[in-house]
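Raw contents of final-v4.txt, compact mmCIF, C-alpha atoms:
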# COMPACT_ATOMS: atom_id res chain seq x y z
CA MET H 20 -3.41 -25.60 -13.44
CA SER H 21 -2.76 -26.60 -9.82
CA LYS H 22 -4.25 -24.56 -7.01
CA PHE H 23 -1.83 -23.26 -4.41
CA PRO H 24 -3.42 -22.67 -1.01
CA ALA H 25 -2.71 -19.28 0.50
CA ARG H 26 -1.81 -18.65 4.11
CA TYR H 27 -2.82 -15.84 6.43
CA TYR H 28 -6.56 -15.45 6.06
CA ASP H 29 -9.76 -15.83 8.07
CA ASN H 30 -13.08 -17.27 6.95
CA LEU H 31 -16.09 -14.95 6.98
CA PRO H 32 -19.84 -15.63 6.48
CA ASP H 33 -21.18 -16.44 3.02
CA LYS H 34 -17.87 -17.98 1.90
CA ARG H 35 -16.13 -14.64 2.08
CA VAL H 36 -12.55 -14.52 3.38
CA ARG H 37 -10.40 -11.84 4.94
CA CYS H 38 -6.79 -11.90 3.81
CA THR H 39 -4.47 -10.99 6.70
CA LEU H 40 -1.17 -11.02 4.82
CA CYS H 41 -0.85 -7.26 4.46
CA PRO H 42 -2.45 -4.27 6.24
CA SER H 43 -5.03 -3.91 3.46
CA ASN H 44 -6.82 -6.85 5.17
CA CYS H 45 -9.04 -7.35 2.12
CA ALA H 46 -12.47 -8.92 2.63
CA ILE H 47 -12.89 -10.95 -0.56
CA LYS H 48 -16.08 -12.39 -2.02
CA PRO H 49 -16.06 -15.80 -3.77
CA GLY H 50 -14.51 -15.51 -7.22
CA ASN H 51 -12.87 -12.17 -6.48
CA PHE H 52 -9.25 -11.12 -5.97
CA GLY H 53 -7.71 -9.05 -3.22
CA ASN H 54 -6.34 -5.58 -3.78
CA CYS H 55 -3.01 -7.06 -4.88
CA ARG H 56 -4.56 -9.23 -7.65
CA LEU H 57 -2.41 -12.16 -6.49
CA ARG H 58 -4.77 -13.75 -3.96
CA LYS H 59 -8.22 -15.07 -4.85
CA ASN H 60 -11.25 -16.40 -3.01
CA ASP H 61 -11.92 -19.81 -4.54
CA ASN H 62 -15.32 -20.82 -3.15
CA GLY H 63 -14.45 -19.86 0.41
CA GLU H 64 -10.75 -20.79 0.27
CA LEU H 65 -8.02 -18.23 -0.30
CA ILE H 66 -5.56 -19.36 -2.95
CA ALA H 67 -2.25 -17.91 -4.09
CA ALA H 68 -3.42 -17.28 -7.65
CA GLY H 69 -0.11 -15.71 -8.66
CA TYR H 70 2.05 -18.56 -7.31
CA GLY H 71 5.09 -18.96 -9.54
CA GLN H 72 3.73 -16.62 -12.20
CA LEU H 73 6.72 -14.50 -13.15
CA VAL H 74 6.33 -11.13 -14.82
CA SER H 75 10.05 -10.92 -15.60
CA LEU H 76 13.24 -12.91 -15.17
CA ALA H 77 16.68 -11.43 -15.71
CA ILE H 78 20.23 -11.27 -14.42
CA ASP H 79 20.85 -7.81 -12.94
CA PRO H 80 23.80 -6.20 -11.19
CA ILE H 81 23.05 -6.08 -7.48
CA GLU H 82 23.47 -2.29 -7.69
CA LYS H 83 20.29 -2.08 -9.77
CA LYS H 84 18.08 -3.17 -6.83
CA PRO H 85 19.59 -0.82 -5.50
CA LEU H 86 21.89 -2.53 -2.98
CA TYR H 87 25.30 -0.86 -2.70
CA HIS H 88 26.64 -2.54 0.44
CA PHE H 89 25.64 -6.15 -0.24
CA TYR H 90 28.03 -8.07 -2.50
CA PRO H 91 29.00 -5.07 -4.66
CA GLY H 92 29.49 -5.88 -8.33
CA LYS H 93 27.87 -9.31 -8.16
CA PRO H 94 25.11 -10.52 -10.51
CA ILE H 95 21.76 -11.66 -9.15
CA LEU H 96 18.83 -13.38 -10.80
CA SER H 97 15.81 -11.10 -10.45
CA THR H 98 12.10 -11.78 -10.73
CA GLY H 99 8.73 -10.57 -9.51
CA PRO H 100 4.95 -11.06 -9.64
CA ASN H 101 2.24 -9.22 -11.56
CA GLY H 102 0.74 -7.23 -8.72
CA CYS H 103 1.10 -4.76 -5.87
CA ASN H 104 -0.81 -3.96 -2.69
CA LEU H 105 -0.29 -0.18 -2.91
CA ARG H 106 -1.74 2.18 -5.51
CA CYS H 107 0.96 4.80 -6.01
CA PRO H 108 -0.09 7.05 -8.91
CA PHE H 109 3.58 7.79 -9.66
CA CYS H 110 4.62 4.12 -9.91
CA GLN H 111 7.72 3.75 -12.05
CA ASN H 112 6.89 0.10 -12.90
CA TRP H 113 3.13 0.50 -13.29
CA THR H 114 2.87 -1.61 -16.47
CA ILE H 115 3.75 -4.74 -14.48
CA SER H 116 2.51 -3.77 -11.01
CA GLN H 117 -0.75 -1.90 -11.58
CA GLN H 118 -2.20 -3.70 -14.59
CA GLU H 119 -2.52 -7.30 -15.70
CA THR H 120 0.18 -8.49 -18.05
CA THR H 121 1.64 -11.73 -19.41
CA THR H 122 3.38 -14.07 -16.96
CA ASP H 123 5.20 -17.40 -17.16
CA PHE H 124 5.05 -20.18 -14.56
CA VAL H 125 8.38 -21.22 -13.04
CA PRO H 126 8.28 -23.64 -10.06
CA PRO H 127 10.62 -22.95 -7.13
CA GLU H 128 13.03 -25.79 -7.98
CA GLN H 129 13.47 -24.49 -11.51
CA LEU H 130 14.05 -20.92 -10.34
CA VAL H 131 16.85 -22.08 -8.05
CA GLU H 132 18.39 -24.17 -10.85
CA ILE H 133 18.38 -21.14 -13.15
CA ALA H 134 20.15 -19.08 -10.48
CA GLU H 135 22.84 -21.73 -10.10
CA LYS H 136 23.35 -22.15 -13.84
CA ARG H 137 23.67 -18.40 -14.34
CA ASN H 138 26.31 -18.09 -11.58
CA SER H 139 24.05 -15.77 -9.62
CA ILE H 140 24.66 -15.13 -5.93
CA GLY H 141 20.97 -15.92 -5.40
CA VAL H 142 17.59 -14.49 -6.30
CA ALA H 143 16.22 -10.98 -5.86
CA PHE H 144 12.44 -10.81 -5.57
CA THR H 145 11.81 -7.37 -7.00
CA TYR H 146 10.31 -5.27 -9.83
CA THR H 147 6.77 -5.09 -8.35
CA GLU H 148 5.77 -6.16 -4.81
CA PRO H 149 7.25 -9.56 -3.91
CA LEU H 150 6.22 -9.81 -0.24
CA ILE H 151 2.59 -10.40 -1.23
CA TRP H 152 3.91 -13.32 -3.33
CA PHE H 153 4.33 -14.81 0.11
CA GLU H 154 3.87 -18.54 -0.53
CA TYR H 155 6.08 -18.64 -3.63
CA PHE H 156 8.69 -16.35 -2.05
CA TYR H 157 8.77 -18.54 1.06
CA ASP H 158 9.11 -21.82 -0.86
CA CYS H 159 11.86 -20.42 -3.09
CA ALA H 160 13.71 -18.87 -0.15
CA LYS H 161 13.89 -22.18 1.72
CA LEU H 162 15.41 -23.88 -1.32
CA LEU H 163 17.84 -21.03 -1.95
CA LYS H 164 19.08 -21.07 1.65
CA ALA H 165 19.54 -24.84 1.49
CA ARG H 166 21.76 -24.40 -1.60
CA GLY H 167 23.82 -21.64 0.00
CA LEU H 168 22.37 -18.91 -2.22
CA LYS H 169 21.28 -15.44 -1.15
CA VAL H 170 17.70 -14.23 -0.81
CA VAL H 171 17.00 -10.57 -1.56
CA ALA H 172 13.76 -8.60 -1.32
CA VAL H 173 13.06 -5.25 -2.95
CA SER H 174 9.77 -4.19 -1.44
CA ASN H 175 7.40 -1.48 -0.29
CA GLY H 176 7.47 -3.10 3.15
CA TYR H 177 3.68 -3.18 3.42
CA LEU H 178 3.17 -6.47 5.27
CA ASN H 179 1.51 -7.49 8.51
CA GLU H 180 3.70 -8.29 11.48
CA GLU H 181 3.33 -12.07 11.76
CA PRO H 182 4.07 -12.92 8.10
CA ALA H 183 6.87 -10.33 8.08
CA ARG H 184 8.57 -11.99 11.05
CA GLU H 185 8.24 -15.39 9.37
CA LEU H 186 9.50 -14.35 5.97
CA PHE H 187 12.38 -12.09 6.96
CA LYS H 188 14.02 -14.98 8.81
CA LEU H 189 14.81 -16.34 5.33
CA ILE H 190 15.96 -13.07 3.74
CA ASP H 191 19.59 -11.96 3.57
CA ALA H 192 19.18 -8.41 2.28
CA ALA H 193 16.37 -6.02 1.47
CA ASN H 194 15.85 -2.63 -0.07
CA ILE H 195 12.63 -1.17 1.26
CA ASP H 196 10.94 1.71 -0.52
CA PHE H 197 10.28 4.31 2.17
CA LYS H 198 8.00 6.65 0.24
CA SER H 199 7.56 9.49 2.70
CA ALA H 200 7.71 10.49 6.34
CA SER H 201 4.14 11.75 6.01
CA LYS H 202 1.31 9.53 7.21
CA GLU H 203 -1.05 11.59 5.06
CA PHE H 204 1.04 10.95 1.93
CA TYR H 205 0.92 7.21 2.52
CA LYS H 206 -2.81 7.24 3.21
CA LYS H 207 -4.08 9.54 0.46
CA THR H 208 -1.50 9.03 -2.28
CA CYS H 209 -0.39 5.40 -1.84
CA ARG H 210 -3.42 4.02 0.01
CA GLY H 211 -1.19 2.58 2.69
CA ASN H 212 0.01 3.22 6.22
CA ARG H 213 3.45 4.64 6.99
CA ASP H 214 3.79 3.05 10.42
CA ASP H 215 3.30 -0.45 9.02
CA VAL H 216 6.28 0.15 6.73
CA ILE H 217 8.41 1.44 9.59
CA ARG H 218 7.49 -1.67 11.58
CA THR H 219 8.61 -3.88 8.68
CA ILE H 220 11.95 -2.07 8.46
CA LYS H 221 12.51 -2.67 12.17
CA ILE H 222 11.46 -6.33 11.89
CA ALA H 223 13.95 -6.83 9.06
CA LYS H 224 16.74 -5.26 11.11
CA GLU H 225 15.85 -7.38 14.14
CA ALA H 226 15.97 -10.52 11.96
CA GLY H 227 19.54 -9.71 10.91
CA VAL H 228 18.61 -8.71 7.36
CA PHE H 229 20.99 -6.26 5.69
CA VAL H 230 18.70 -3.32 4.98
CA GLU H 231 18.99 -0.42 2.56
CA LEU H 232 16.23 2.14 1.95
CA THR H 233 15.05 4.10 -1.09
CA ASN H 234 13.00 7.27 -1.37
CA LEU H 235 11.63 8.51 -4.69
CA LEU H 236 11.83 12.30 -4.59
CA ILE H 237 8.65 13.51 -6.32
CA THR H 238 8.48 17.11 -7.46
CA GLY H 239 6.00 19.05 -5.35
CA GLU H 240 4.95 16.04 -3.31
CA ASN H 241 7.61 14.87 -0.85
CA ASP H 242 10.62 17.03 -1.72
CA SER H 243 10.41 19.91 0.76
CA ASP H 244 13.12 20.46 3.36
CA LYS H 245 10.55 19.55 6.02
CA ASP H 246 9.75 16.25 4.28
CA LEU H 247 13.42 15.40 3.89
CA ASN H 248 14.40 16.24 7.45
CA GLU H 249 11.52 14.18 8.81
CA ILE H 250 12.34 11.06 6.79
CA VAL H 251 16.05 11.36 7.63
CA ASN H 252 15.23 11.67 11.33
CA LEU H 253 13.05 8.56 11.19
CA ILE H 254 15.83 6.57 9.50
CA ALA H 255 18.51 7.86 11.86
CA ASP H 256 16.41 6.78 14.84
CA ILE H 257 16.36 3.23 13.45
CA ASP H 258 20.02 3.09 12.41
CA PRO H 259 22.15 5.94 10.97
CA LEU H 260 24.28 3.35 9.14
CA ILE H 261 21.40 2.22 6.89
CA PRO H 262 22.40 3.07 3.31
CA PHE H 263 19.82 5.52 1.93
CA HIS H 264 19.10 6.00 -1.78
CA ILE H 265 17.31 9.19 -2.85
CA SER H 266 16.13 8.76 -6.41
CA ARG H 267 15.03 11.21 -9.09
CA TYR H 268 11.42 10.90 -10.14
CA PHE H 269 10.31 10.98 -13.78
CA PRO H 270 6.69 11.33 -14.97
CA GLN H 271 5.00 7.92 -15.07
CA TYR H 272 1.56 6.35 -14.79
CA LYS H 273 -0.92 8.98 -13.50
CA TYR H 274 1.61 11.66 -12.55
CA ASN H 275 2.80 14.44 -14.85
CA ASN H 276 4.79 16.38 -12.27
CA PRO H 277 8.09 17.62 -13.74
CA PRO H 278 11.14 15.39 -13.23
CA THR H 279 13.06 15.97 -10.03
CA PRO H 280 15.52 18.83 -10.64
CA VAL H 281 19.12 17.79 -10.13
CA SER H 282 19.52 20.73 -7.75
CA THR H 283 16.72 19.35 -5.55
CA LEU H 284 18.30 15.90 -5.55
CA LYS H 285 21.70 17.29 -4.56
CA LYS H 286 20.16 19.33 -1.76
CA ALA H 287 18.28 16.27 -0.48
CA VAL H 288 21.51 14.28 -0.42
CA GLU H 289 23.24 17.06 1.53
CA ILE H 290 20.43 17.14 4.10
CA ALA H 291 20.49 13.36 4.52
CA ARG H 292 24.28 13.23 4.92
CA GLN H 293 24.04 15.42 8.00
CA LYS H 294 22.69 12.45 9.96
CA LEU H 295 23.20 9.32 7.83
CA ALA H 296 26.55 7.74 7.03
CA TYR H 297 25.76 6.47 3.53
CA VAL H 298 23.54 8.48 1.18
CA TYR H 299 23.33 7.93 -2.57
CA PRO H 300 21.60 9.85 -5.39
CA GLY H 301 19.54 7.53 -7.58
CA ASN H 302 18.80 7.87 -11.30
CA TYR H 303 21.82 10.16 -11.36
CA ILE H 304 25.45 9.22 -11.98
CA ASP H 305 27.55 11.56 -9.81
CA GLY H 306 28.06 11.10 -6.07
CA SER H 307 27.48 7.36 -5.89
CA ASP H 308 30.87 6.24 -4.58
CA THR H 309 30.95 4.57 -1.18
CA VAL H 310 33.34 6.46 1.08
CA CYS H 311 34.46 5.85 4.63
CA PRO H 312 32.29 8.06 6.88
CA ASP H 313 35.26 8.69 9.18
CA CYS H 314 38.09 9.63 6.82
CA GLY H 315 36.44 9.97 3.40
CA ARG H 316 38.54 7.33 1.65
CA ILE H 317 36.82 5.87 -1.43
CA LEU H 318 35.98 2.21 -0.79
CA VAL H 319 33.84 1.51 -3.86
CA GLU H 320 33.96 3.59 -7.03
CA ARG H 321 30.78 3.61 -9.13
CA SER H 322 29.92 4.64 -12.66
CA GLY H 323 26.37 3.60 -13.42
CA TYR H 324 26.18 -0.06 -12.42
CA SER H 325 29.93 -0.63 -12.88
CA ILE H 326 32.18 -0.59 -9.84
CA GLY H 327 35.84 -0.37 -8.96
CA LEU H 328 37.54 -1.44 -5.73
CA PRO H 329 40.66 0.72 -5.15
CA ASP H 330 41.71 -1.38 -2.14
CA GLY H 331 39.94 -4.65 -2.98
CA GLU H 332 37.35 -6.28 -0.75
CA THR H 333 38.80 -4.84 2.41
CA GLN H 334 37.24 -5.46 5.82
CA ASN H 335 38.68 -2.29 7.33
CA CYS H 336 39.23 1.13 5.84
CA PRO H 337 42.88 1.39 4.70
CA GLY H 338 42.78 5.08 5.57
CA CYS H 339 41.69 4.96 9.20
CA GLY H 340 41.05 1.33 10.12
CA ARG H 341 37.30 1.76 10.60
CA LYS H 342 35.25 -1.40 10.04
CA VAL H 343 33.78 -1.34 6.54
CA ASP H 344 29.98 -1.54 6.51
CA ILE H 345 29.90 -3.73 3.41
CA ILE H 346 29.11 -7.43 2.94
CA TRP H 347 31.46 -8.83 0.30
Would you put the structure from the file into structure tokens?
Amino acid sequence: MSKFPARYYDNLPDKRVRCTLCPSNCAIKPGNFGNCRLRKNDNGELIAAGYGQLVSLAIDPIEKKPLYHFYPGKPILSTGPNGCNLRCPFCQNWTISQQETTTDFVPPEQLVEIAEKRNSIGVAFTYTEPLIWFEYFYDCAKLLKARGLKVVAVSNGYLNEEPARELFKLIDAANIDFKSASKEFYKKTCRGNRDDVIRTIKIAKEAGVFVELTNLLITGENDSDKDLNEIVNLIADIDPLIPFHISRYFPQYKYNNPPTPVSTLKKAVEIARQKLAYVYPGNYIDGSDTVCPDCGRILVERSGYSIGLPDGETQNCPGCGRKVDIIW
């Protein structure tokens, strides 16, 4: 199999390398992989060992990402790598992110051809952690943009500044998993750094990427009123119009905490709506319609992943004339 050189690393003594793609900044010995399991030291050279190795490939509704304000109701080809650079013990996709599993090689040109043949609006890089698939993501994104197709990232946002600024120039929309307002939660539970994620969110916004955020509400971990008010304040300071998805947690991987009570989810949504214009409960059917924040008119009706458009793909709210914060 061909070797695909990786970018963003420094050479160290004894043929070791330091990967500088994400804030983990792994120092990797020859023959070993980084924390993400996608980047390997090949005799003193860092290679993108997971280049083009797909863990899954499927057509999904864009709402499944979740993206509610970016081409509602449209299908998008979705794929991802077999790896992640965080170690969340509650991971909902742990079988493909936290352990090695079967993959299939699909070169960038073929991925784009599949998207076109399936009448997809583009490709969503999702399921696990696609930003650390940097070289493959970048090569695919260039081809997709050249063909007039959309590039979507669903990510934990844990990337260093320079590669983030380079990659987000090619991305049209992103849903970033904002796990907690707590630095301690990120450090101890996820083995990451909250401020690096906030920086990525801001970089994406500065690059003109349409951004939505998701928070998994974990029972007894990040679901207190204090936690919720802090994360809402952080988001509101960036942009109160960012659509915010608050999702129910269910026991997975190493966590056996009880599922998020519906009452807790509803309270979290109420708290978030005090400062944010668009707040959606995730893994729960009710309350997912998009309504005008000024007059309350329903703009997009939702039932699961199915949508209805009472007034069509309108650019302004028929009720009050407010500009609709949706890309059709």
Counting all atoms listed in the file, the residue of H:Pro127, H:Pro42, H:Phe89, H:Pro32 that sits nearest Asn62 in chain H: H:Pro32
For CA of Cys110 in chain H and CA of Asn252 in chain H, determine how far apart the two atoms are, in Å to one decimal place. 24.9 Å
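Across the model, the gap from CA of Leu86 in chain H to CA of Gly327 in chain H is 15.3 Å.
Shell of Ser97 in chain H at 8 Å, with all atoms listed in the file counted and residues fewer than 4 places along the chain excluded, is Ser75, Leu76, Ala77, Ile78, Asp79, Val142, Ala143, Phe144 and Thr145 of chain H.
Counting all atoms listed in the file and comparing H:Tyr87, H:Asn112, H:Ile195, H:Phe23, the residue that lies closest to Val310 in chain H is H:Tyr87.
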Shortest interatomic distance to Pro259 in chain H - which of H:Lys286, H:Arg292, H:Lys93, H:Arg210, counting all atoms listed in the file: H:Arg292
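All residues of protein, DNA or RNA that reach within 9 Å of range 33-38 of chain H, judged by all atoms listed in the file and not counting those fewer than 3 positions away in the chain, are H:Arg26, H:Tyr27, H:Tyr28, H:Asp29, H:Asn30, H:Cys41, H:Ser43, H:Asn44, H:Cys45, H:Ala46, H:Ile47, H:Lys48, H:Pro49, H:Gly53, H:Arg58, H:Asn60, H:Asp61, H:Asn62, H:Gly63, H:Glu64, H:Leu65.
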For the atom pair CA of Lys83 in chain H and CA of Gly323 in chain H, what is the interatomic distance in Å to one decimal place? 9.1 Å
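Among the candidates H:Ile317, H:Ile326, H:Leu40, H:Leu96, the one nearest to Glu82 in chain H when counting only C-alpha atoms is H:Ile326.
Residue nearest Asp191 in chain H, chosen from H:Asp214, H:Gly227, H:Gly239, H:Trp347 and counting only C-alpha atoms: H:Gly227.
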Which residues, protein or nucleic acid, reach to within 7 Å of (13.3, -5.1, -2.5) in the file's coordinates when using all atoms listed in the file, and can you give that as a ChimeraX atom specification? /H:84,144-145,171-174,193-195
Contact residues around Cys314 in chain H with only C-alpha atoms at 12 Å, ignoring same-chain residues under 4 positions, as number ranges by chain: H: 296, 309-310, 318, 335-343
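If you measure from each of H:Arg218, H:Lys161, H:Lys198, H:Lys206 to Glu181 in chain H using all atoms listed in the file, the closest one turns out to be H:Arg218.
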